[in-house]
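Written out below as structure tokens is the structure these notes cover.
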Amino acid sequence: GIGLGYLSLARPAGTLSGGEAQRVKMIRHLGSALTDVTYVFDEPTIGLHPHDITRMNELLIQLRDKGNTVLVVEHKPEVIGIADHVVDLGPEAGSGGGQVVYEGTVKGLRGSGSITGRHLDDRAALKDVVREANGALEIRGANTNNLQGVDVDIPLGVLAVITGVAGSGKSSLIDGSVAGRDGVVTIDQAPIRGSRRSNPATYTGLLDHIRKAFAKANNVKPALFSSNSEGACPACNGAGVIYTDLGVMATVESRCEECEGNGVKKIEMHFLPDVYITCTDCKGSRYNAETLSVLYKGKNISEVLDMSIEEGAEFFKNHTKLSRVLSTLNSVGLGYMKLGQPATTLSGGEAQRLKLSRELSKRTKGHCLYVLDEPTTGLHFHDIAQLLAVLEKLREHGNTIVIIEHNLDVIKTADWLVDMGYEGGDGGGEIIAVGTPEQVAQDEKSHTGRFLKPLLASTTLS
């Protein structure tokens with residue numbers, strides 16, 4: 001009843017996605033006799049088709065009606081719409097947020113003037129004219145996981161969306177038959193590889209340009225502004241933190257072989273996590289005093305890396321290369337993120353958008369086929385409109401965009417849809433409908449078409 005019918009009972013828990021794991025936990029609590037419990041769900045609709053979201057909403061209401069409090073952190077209008085009480089945070093993201101901008105009913109939210117309220121009923125516009133394909137990528141006899149010998153053509157030179165209910169075989173189709181081919185760039189939600197020192201500035205190549213800007217303005221070497229080289233804090237070796245084993249110190253009053261006469265013995269506490277202590281010399285900045293004394297437009301290198309991407313775009317607006325990359329990061333909805341934010345703290349959606357921004361900044365010549373798996377994860381519908389504009393620019397450069405997605409705003413703006421189903425697991429693995437959004441909306445067999453049809457005449461979002 002919650003869209004997990006395609007899972008086998010023996011499926012290893014470690015292979016479940018975040019959304020699947022959350023729904024499994026939810027089912028366990030639905031069977032509990034406890035009442036007056038507060039449940040907190042963080043985006044329970046991740047990975048869910050609108051067909052599945054309807055069932056999710058029913059279960060959330062069941063939890064509430066048993067005498068519990070249900071708190072949901074969510075962006076989907078379908079979930080916001082069933083709330084008894086809404087708390088809207090903003091007004092912007094990052095340093096521009098952190099305030100309650102509205103609290104009350106959903107009806108009151110619509111008239112509140114907040115970003116959420118203004119866009120709650122908006123939807124992306126259906127394309128006036130869909131693009132004609134300039135070829136096709138043929139898939140024949142695909143049988144990965146639950147696929148049942150699928151034959152389908154993915155049109156080239158357009159924005160194509162692969163959709164269908166959870167577990168219907170969308171990822172199996174693309175991962176098994178498209179990803180890995182020549183000219184295919186997969187932009188997934190896997191963590192960005194690298195050490196704790198990796199951050200948006202290093203990943204996108206921004207830091208190299210920032211170092212050169214500091215060096216040129218002060219007539220010094222760029223290496224001075226590297227926390228892995230001459231600029232590193234000697235105490236923490238440029239890490240910003242000092243690692244220590246968490247141990248118990250046992251006093252020993254007389255010399256013995258066990259403690260070798262040191263008077264103390266360290267006992268390793270292997271079941272406890274590693275401990276990191278902020279470096280007291282550099283205060284976590286990672287740079288030595290000499291480097292921190294060198295300024296560019298009144299800021300040292302640590303202060304620049306502590307800027308948000310939005311602040312950085314303004315700070316470097318007259319620097320052509322930096323301005324272009326920072327503007328691209330802004331356009332994919334990452335303006336709130338700090339330039340030096342450790343990559344290990346990024347969510348899957350943030351990591352994916354960071355990868356997307358790097359691809360957009362490359363200005364690659366020639367055709368590429370980009371594959372994105374649910375790029376709207378974690379995005380407010382205001383940010384989804386921004387993302388769609390960015391993807392459209394990528395397509396205008398002659399590329400093919402293939403998106404695995406459930407979000408109706410993305411589905412509606414596609415040039416071509418491939419809808420899979422009918423259900424998940426053994427009940428899926430088939431192509432239900434292909435065509436333009438208008439054509440799929442008329443297909444009575446398609447779950448996607450059923451939810452898409454009422455939106456075709458809805459208000460538009462420019």
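Ordering of the structure tokens sets the chain letters (A, B, ...), residue numbers begin anew at 1 in every chain, and ligands are numbered from 1 in the order given.
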- Once DSSP has gone over the backbone, tell me which residues of range 74-126 of chain A are in helix (DSSP H, G or I), as a PyMOL selection string. chain A and resi 77-80+94-96+106-110+115-119
Got time to write the residues from that selection, N, CA, C and O atoms, as an mmCIF file, in the first residue's frame?
data_model
loop_
_atom_site.group_PDB
_atom_site.id
_atom_site.type_symbol
_atom_site.label_atom_id
_atom_site.label_comp_id
_atom_site.auth_asym_id
_atom_site.auth_seq_id
_atom_site.Cartn_x
_atom_site.Cartn_y
_atom_site.Cartn_z
ATOM 1 N N PRO A 77 4.022 19.878 -3.544
ATOM 2 C CA PRO A 77 2.717 20.517 -3.334
ATOM 3 C C PRO A 77 1.633 19.515 -2.921
ATOM 4 O O PRO A 77 0.734 19.860 -2.155
ATOM 5 N N GLU A 78 1.740 18.256 -3.420
ATOM 6 C CA GLU A 78 0.732 17.257 -3.096
ATOM 7 C C GLU A 78 0.710 16.941 -1.598
ATOM 8 O O GLU A 78 -0.341 16.639 -1.039
ATOM 9 N N VAL A 79 1.876 17.002 -0.935
ATOM 10 C CA VAL A 79 1.959 16.731 0.496
ATOM 11 C C VAL A 79 1.617 17.977 1.303
ATOM 12 O O VAL A 79 0.897 17.907 2.308
ATOM 13 N N ILE A 80 2.109 19.132 0.849
ATOM 14 C CA ILE A 80 1.775 20.386 1.523
ATOM 15 C C ILE A 80 0.253 20.553 1.570
ATOM 16 O O ILE A 80 -0.312 21.020 2.559
ATOM 17 N N GLY A 94 20.220 29.428 2.762
ATOM 18 C CA GLY A 94 21.510 29.761 3.370
ATOM 19 C C GLY A 94 21.422 30.929 4.326
ATOM 20 O O GLY A 94 20.511 31.021 5.151
ATOM 21 N N SER A 95 22.381 31.860 4.207
ATOM 22 C CA SER A 95 22.418 33.024 5.104
ATOM 23 C C SER A 95 21.205 33.922 4.912
ATOM 24 O O SER A 95 20.890 34.747 5.774
ATOM 25 N N GLY A 96 20.501 33.781 3.790
ATOM 26 C CA GLY A 96 19.311 34.589 3.540
ATOM 27 C C GLY A 96 18.047 33.956 4.086
ATOM 28 O O GLY A 96 16.948 34.469 3.888
ATOM 29 N N VAL A 106 -2.954 25.958 4.916
ATOM 30 C CA VAL A 106 -2.509 25.939 3.519
ATOM 31 C C VAL A 106 -3.165 27.083 2.751
ATOM 32 O O VAL A 106 -2.532 27.744 1.918
ATOM 33 N N LYS A 107 -4.441 27.357 3.039
ATOM 34 C CA LYS A 107 -5.140 28.452 2.377
ATOM 35 C C LYS A 107 -4.450 29.781 2.672
ATOM 36 O O LYS A 107 -4.257 30.614 1.776
ATOM 37 N N GLY A 108 -4.050 29.968 3.924
ATOM 38 C CA GLY A 108 -3.342 31.189 4.285
ATOM 39 C C GLY A 108 -1.979 31.287 3.629
ATOM 40 O O GLY A 108 -1.522 32.387 3.277
ATOM 41 N N LEU A 109 -1.320 30.125 3.431
ATOM 42 C CA LEU A 109 -0.014 30.105 2.781
ATOM 43 C C LEU A 109 -0.107 30.649 1.363
ATOM 44 O O LEU A 109 0.769 31.392 0.910
ATOM 45 N N ARG A 110 -1.180 30.279 0.665
ATOM 46 C CA ARG A 110 -1.334 30.723 -0.724
ATOM 47 C C ARG A 110 -1.392 32.242 -0.838
ATOM 48 O O ARG A 110 -0.967 32.813 -1.837
ATOM 49 N N ILE A 115 7.732 32.903 -0.987
ATOM 50 C CA ILE A 115 8.080 32.213 -2.236
ATOM 51 C C ILE A 115 7.252 30.940 -2.389
ATOM 52 O O ILE A 115 6.722 30.646 -3.462
ATOM 53 N N THR A 116 7.095 30.182 -1.305
ATOM 54 C CA THR A 116 6.286 28.963 -1.358
ATOM 55 C C THR A 116 4.834 29.294 -1.676
ATOM 56 O O THR A 116 4.216 28.650 -2.523
ATOM 57 N N GLY A 117 4.297 30.292 -0.991
ATOM 58 C CA GLY A 117 2.904 30.676 -1.210
ATOM 59 C C GLY A 117 2.640 31.145 -2.624
ATOM 60 O O GLY A 117 1.618 30.785 -3.229
ATOM 61 N N ARG A 118 3.574 31.945 -3.176
ATOM 62 C CA ARG A 118 3.381 32.483 -4.534
ATOM 63 C C ARG A 118 3.406 31.404 -5.594
ATOM 64 O O ARG A 118 2.729 31.493 -6.610
ATOM 65 N N HIS A 119 4.222 30.363 -5.365
ATOM 66 C CA HIS A 119 4.414 29.348 -6.405
ATOM 67 C C HIS A 119 3.716 28.023 -6.118
ATOM 68 O O HIS A 119 3.868 27.071 -6.874
#
Contacts of range 334-357 of chain A with range 368-383 of chain A up to 8 Å, shortest pair per row, only C-alpha atoms, as JSON lines:
{"residue": "A:Gly349", "atom": "CA", "partner": "A:Thr377", "partner_atom": "CA", "distance": 5.4}
{"residue": "A:Gln352", "atom": "CA", "partner": "A:Pro375", "partner_atom": "CA", "distance": 6.9}
{"residue": "A:Arg353", "atom": "CA", "partner": "A:Pro375", "partner_atom": "CA", "distance": 7.2}
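The shortest atom-to-atom distance to Ala215 in chain A, with only C-alpha atoms taken into account, belongs to A:Val294 out of A:Val150, A:Val294, A:Leu156, A:Leu173.
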- Task: Please identify all polymer residues within 10 Å of Gln386 in chain A, counting only C-alpha atoms, omitting same-chain residues fewer than 5 positions from it, and present them as a PyMOL selection string.
- Result: chain A and resi 330-333+381+391-392
Would you output that residue set with N, CA, C and O atoms, as an mmCIF file, in the first residue's frame?
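Listed below is the output, out_39.cif:
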data_model
loop_
_atom_site.group_PDB
_atom_site.id
_atom_site.type_symbol
_atom_site.label_atom_id
_atom_site.label_comp_id
_atom_site.auth_asym_id
_atom_site.auth_seq_id
_atom_site.Cartn_x
_atom_site.Cartn_y
_atom_site.Cartn_z
ATOM 1 N N ASN A 330 25.138 29.140 -9.130
ATOM 2 C CA ASN A 330 23.932 29.850 -8.677
ATOM 3 C C ASN A 330 22.705 29.361 -9.420
ATOM 4 O O ASN A 330 21.633 29.166 -8.842
ATOM 5 N N SER A 331 22.852 29.145 -10.713
ATOM 6 C CA SER A 331 21.702 28.815 -11.565
ATOM 7 C C SER A 331 21.138 27.434 -11.283
ATOM 8 O O SER A 331 19.986 27.163 -11.611
ATOM 9 N N VAL A 332 21.934 26.546 -10.685
ATOM 10 C CA VAL A 332 21.425 25.212 -10.361
ATOM 11 C C VAL A 332 20.930 25.139 -8.911
ATOM 12 O O VAL A 332 20.694 24.061 -8.367
ATOM 13 N N GLY A 333 20.777 26.301 -8.283
ATOM 14 C CA GLY A 333 20.176 26.361 -6.954
ATOM 15 C C GLY A 333 21.129 26.111 -5.803
ATOM 16 O O GLY A 333 20.705 25.705 -4.719
ATOM 17 N N PHE A 381 9.914 23.900 -5.385
ATOM 18 C CA PHE A 381 9.434 24.042 -6.766
ATOM 19 C C PHE A 381 9.867 25.347 -7.408
ATOM 20 O O PHE A 381 9.920 25.456 -8.629
ATOM 21 N N LEU A 391 18.782 23.194 -17.701
ATOM 22 C CA LEU A 391 18.786 21.998 -18.556
ATOM 23 C C LEU A 391 18.412 22.352 -19.997
ATOM 24 O O LEU A 391 18.934 21.766 -20.945
ATOM 25 N N GLU A 392 17.515 23.324 -20.125
ATOM 26 C CA GLU A 392 17.127 23.753 -21.470
ATOM 27 C C GLU A 392 18.315 24.376 -22.210
ATOM 28 O O GLU A 392 18.515 24.151 -23.405
#
Please tabulate, as a Markdown table, the residues of range 69-144 of chain A that come within 12 Å of range 420-432 of chain A, each with its closest pair of atoms and the distance in Å to one decimal, counting only C-alpha atoms and ordering rows by chain, then residue number upward.
| residue | atom | partner | partner_atom | distance |
| --- | --- | --- | --- | --- |
| A:Ile139 | CA | A:Ile431 | CA | 11.9 |
| A:Gly141 | CA | A:Glu430 | CA | 11.2 |
| A:Ala142 | CA | A:Gly429 | CA | 9.4 |
| A:Asn143 | CA | A:Gly429 | CA | 8.4 |
| A:Thr144 | CA | A:Gly429 | CA | 9.1 |
Residues just named, written with N, CA and C atoms as a PDB file, in the first residue's frame:
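The resulting file, selection-v7.pdb, is reproduced below:
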ATOM      1  N   ILE A 139      17.478   0.758 -28.055  1.00  0.00           N
ATOM      2  CA  ILE A 139      17.614  -0.226 -26.978  1.00  0.00           C
ATOM      3  C   ILE A 139      16.789  -1.439 -27.380  1.00  0.00           C
ATOM      4  N   GLY A 141      15.849  -5.571 -26.454  1.00  0.00           N
ATOM      5  CA  GLY A 141      15.915  -6.753 -25.602  1.00  0.00           C
ATOM      6  C   GLY A 141      16.468  -6.503 -24.210  1.00  0.00           C
ATOM      7  N   ALA A 142      16.267  -5.324 -23.663  1.00  0.00           N
ATOM      8  CA  ALA A 142      16.788  -5.007 -22.335  1.00  0.00           C
ATOM      9  C   ALA A 142      16.135  -5.895 -21.277  1.00  0.00           C
ATOM     10  N   ASN A 143      16.966  -6.560 -20.469  1.00  0.00           N
ATOM     11  CA  ASN A 143      16.418  -7.492 -19.481  1.00  0.00           C
ATOM     12  C   ASN A 143      17.078  -7.354 -18.103  1.00  0.00           C
ATOM     13  N   THR A 144      17.677  -6.193 -17.826  1.00  0.00           N
ATOM     14  CA  THR A 144      18.289  -5.965 -16.515  1.00  0.00           C
ATOM     15  C   THR A 144      17.208  -5.979 -15.431  1.00  0.00           C
TER      16      THR A 144
END
- Smallest atom-to-atom distance to Gly90 in chain A: which of A:Leu7, A:Lys66, A:Ser114, A:Val165, using only C-alpha atoms?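 Smallest distance to Gly90 in chain A is found for A:Ser114.
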- What gap, in Å, lies between CA of Lys338 in chain A and CA of Pro200 in chain A?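 We find that CA of Lys338 in chain A and CA of Pro200 in chain A lie 7.7 Å from each other.
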- Message: Could you check the closest approach to Met337 in chain A for each of A:Asn399, A:Cys279, A:Leu9, A:Ala93 and tell me which residue wins, using only C-alpha atoms?
- Response: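 Counting only C-alpha atoms, the residue closest to Met337 in chain A is A:Ala93.
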- Query: Quick one: residues within 9 Å of Glu230 in chain A, only C-alpha atoms counted, chain neighbours fewer than 6 positions away excluded, as a PyMOL selection string?
  - Reply: chain A and resi 223-224+287-288+291
- Message: I'd like the neighbourhood of range 309-321 of chain A as a list in words, where a residue qualifies if any of its atoms comes within 7 Å (using only C-alpha atoms), though same-chain residues fewer than 3 positions away should be ignored.
- Response: Arg324, Val325, Leu326, Ser327, Asn330, Gly335, Tyr336, Met337, Lys338 and Leu339 of chain A
Just want the 12 Å neighbourhood of Lys212 in chain A, counted on only C-alpha atoms, with same-chain residues fewer than 5 positions away dropped. Output as a PDB file with N, CA and C atoms, in the first residue's frame.
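Output saved as out.pdb:
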ATOM      1  N   GLY A 205      37.105  23.540  -9.833  1.00  0.00           N
ATOM      2  CA  GLY A 205      38.291  24.218 -10.338  1.00  0.00           C
ATOM      3  C   GLY A 205      38.360  25.688  -9.971  1.00  0.00           C
ATOM      4  N   LEU A 206      37.387  26.155  -9.200  1.00  0.00           N
ATOM      5  CA  LEU A 206      37.372  27.566  -8.793  1.00  0.00           C
ATOM      6  C   LEU A 206      38.601  27.934  -7.978  1.00  0.00           C
ATOM      7  N   LEU A 207      39.047  27.021  -7.120  1.00  0.00           N
ATOM      8  CA  LEU A 207      40.126  27.358  -6.205  1.00  0.00           C
ATOM      9  C   LEU A 207      41.417  27.697  -6.942  1.00  0.00           C
ATOM     10  N   ALA A 217      47.470  39.653  -7.497  1.00  0.00           N
ATOM     11  CA  ALA A 217      47.223  40.921  -6.799  1.00  0.00           C
ATOM     12  C   ALA A 217      48.313  41.248  -5.791  1.00  0.00           C
ATOM     13  N   ASN A 218      49.035  40.213  -5.307  1.00  0.00           N
ATOM     14  CA  ASN A 218      50.037  40.434  -4.258  1.00  0.00           C
ATOM     15  C   ASN A 218      51.462  40.085  -4.688  1.00  0.00           C
ATOM     16  N   ASN A 219      51.613  39.715  -5.965  1.00  0.00           N
ATOM     17  CA  ASN A 219      52.935  39.406  -6.527  1.00  0.00           C
ATOM     18  C   ASN A 219      53.648  38.306  -5.729  1.00  0.00           C
ATOM     19  N   VAL A 220      52.899  37.231  -5.459  1.00  0.00           N
ATOM     20  CA  VAL A 220      53.465  36.069  -4.761  1.00  0.00           C
ATOM     21  C   VAL A 220      53.102  34.812  -5.547  1.00  0.00           C
ATOM     22  N   LYS A 221      53.587  33.659  -5.095  1.00  0.00           N
ATOM     23  CA  LYS A 221      53.309  32.404  -5.789  1.00  0.00           C
ATOM     24  C   LYS A 221      51.922  31.867  -5.431  1.00  0.00           C
ATOM     25  N   PRO A 222      51.199  31.275  -6.382  1.00  0.00           N
ATOM     26  CA  PRO A 222      49.883  30.669  -6.092  1.00  0.00           C
ATOM     27  C   PRO A 222      49.961  29.582  -5.017  1.00  0.00           C
ATOM     28  N   ALA A 223      51.112  28.898  -4.917  1.00  0.00           N
ATOM     29  CA  ALA A 223      51.251  27.803  -3.948  1.00  0.00           C
ATOM     30  C   ALA A 223      51.092  28.282  -2.511  1.00  0.00           C
ATOM     31  N   LEU A 224      51.299  29.578  -2.283  1.00  0.00           N
ATOM     32  CA  LEU A 224      51.143  30.127  -0.939  1.00  0.00           C
ATOM     33  C   LEU A 224      49.705  29.989  -0.456  1.00  0.00           C
ATOM     34  N   PHE A 225      48.776  29.889  -1.388  1.00  0.00           N
ATOM     35  CA  PHE A 225      47.350  29.844  -1.033  1.00  0.00           C
ATOM     36  C   PHE A 225      46.776  28.428  -1.136  1.00  0.00           C
ATOM     37  N   SER A 226      47.672  27.449  -1.064  1.00  0.00           N
ATOM     38  CA  SER A 226      47.252  26.051  -1.050  1.00  0.00           C
ATOM     39  C   SER A 226      47.416  25.483   0.355  1.00  0.00           C
ATOM     40  N   TYR A 296      43.009  39.966  -0.720  1.00  0.00           N
ATOM     41  CA  TYR A 296      42.527  40.294  -2.065  1.00  0.00           C
ATOM     42  C   TYR A 296      41.200  41.021  -1.890  1.00  0.00           C
ATOM     43  N   ILE A 301      42.277  34.421   2.098  1.00  0.00           N
ATOM     44  CA  ILE A 301      41.810  33.231   1.394  1.00  0.00           C
ATOM     45  C   ILE A 301      40.766  32.457   2.200  1.00  0.00           C
ATOM     46  N   HIS A 319      35.738  39.238 -12.449  1.00  0.00           N
ATOM     47  CA  HIS A 319      36.708  38.217 -12.834  1.00  0.00           C
ATOM     48  C   HIS A 319      35.983  37.243 -13.760  1.00  0.00           C
ATOM     49  N   LYS A 321      36.470  34.364 -15.538  1.00  0.00           N
ATOM     50  CA  LYS A 321      36.402  32.910 -15.348  1.00  0.00           C
ATOM     51  C   LYS A 321      35.656  32.547 -14.069  1.00  0.00           C
ATOM     52  N   LEU A 322      35.980  33.233 -12.973  1.00  0.00           N
ATOM     53  CA  LEU A 322      35.312  32.939 -11.706  1.00  0.00           C
ATOM     54  C   LEU A 322      33.839  33.283 -11.767  1.00  0.00           C
TER      55      LEU A 322
END
Write out as a PDB file with C-alpha atoms, in the first residue's frame the residues lying within 12 Å of Thr35 in chain A, counting only C-alpha atoms and excluding same-chain residues fewer than 3 positions away.
ATOM      1  CA  HIS A  29       5.252   2.214  13.090  1.00  0.00           C
ATOM      2  CA  LEU A  30       1.861   2.002  11.410  1.00  0.00           C
ATOM      3  CA  GLY A  31       1.446  -1.404  13.022  1.00  0.00           C
ATOM      4  CA  SER A  32       2.318  -0.052  16.461  1.00  0.00           C
ATOM      5  CA  THR A  38       5.562  12.639  17.359  1.00  0.00           C
ATOM      6  CA  TYR A  39       6.844  11.279  14.043  1.00  0.00           C
ATOM      7  CA  GLN A  62      -3.629   7.258   9.208  1.00  0.00           C
ATOM      8  CA  LEU A  63      -0.708   7.949  11.561  1.00  0.00           C
ATOM      9  CA  ARG A  64      -2.244  11.281  12.540  1.00  0.00           C
ATOM     10  CA  ASP A  65      -5.713   9.809  13.044  1.00  0.00           C
ATOM     11  CA  LYS A  66      -4.327   7.234  15.482  1.00  0.00           C
ATOM     12  CA  GLY A  67      -3.672  10.149  17.855  1.00  0.00           C
ATOM     13  CA  ASN A  68      -0.134  11.062  16.828  1.00  0.00           C
ATOM     14  CA  THR A  69       1.618  14.225  15.679  1.00  0.00           C
ATOM     15  CA  VAL A  70       3.177  13.985  12.221  1.00  0.00           C
TER      16      VAL A  70
END
- Message: I need the residues in range 129-181 of chain A that are strand (DSSP E or B) according to DSSP; give them as a ChimeraX atom specification.
- Response: /A:136-142,150-155,159-164
- Message: Would you compute the distance between CA of Ala201 in chain A and CA of Leu329 in chain A? Give it in Å to one decimal.
- Response: 10.5 Å
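Distances to Leu356 in chain A were evaluated for A:Leu159, A:Leu394, A:Val129, A:Ile154 using only C-alpha atoms, and the minimum falls at A:Leu394.
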Taking only residues of range 137-193 of chain A that have an atom at most 12 Å from an atom of range 448-455 of chain A, what is each one's shortest atom pair and its distance in Å to one decimal, using only C-alpha atoms, in chain and number order, as CSV?
residue,atom,partner,partner_atom,distance
A:Val161,CA,A:Thr448,CA,11.6
A:Ile162,CA,A:Thr448,CA,10.7
A:Thr163,CA,A:Thr448,CA,7.5
A:Gly164,CA,A:Thr448,CA,6.4
A:Val165,CA,A:Thr448,CA,8.0
A:Ala166,CA,A:Thr448,CA,11.6
A:Ser168,CA,A:Thr448,CA,12.0
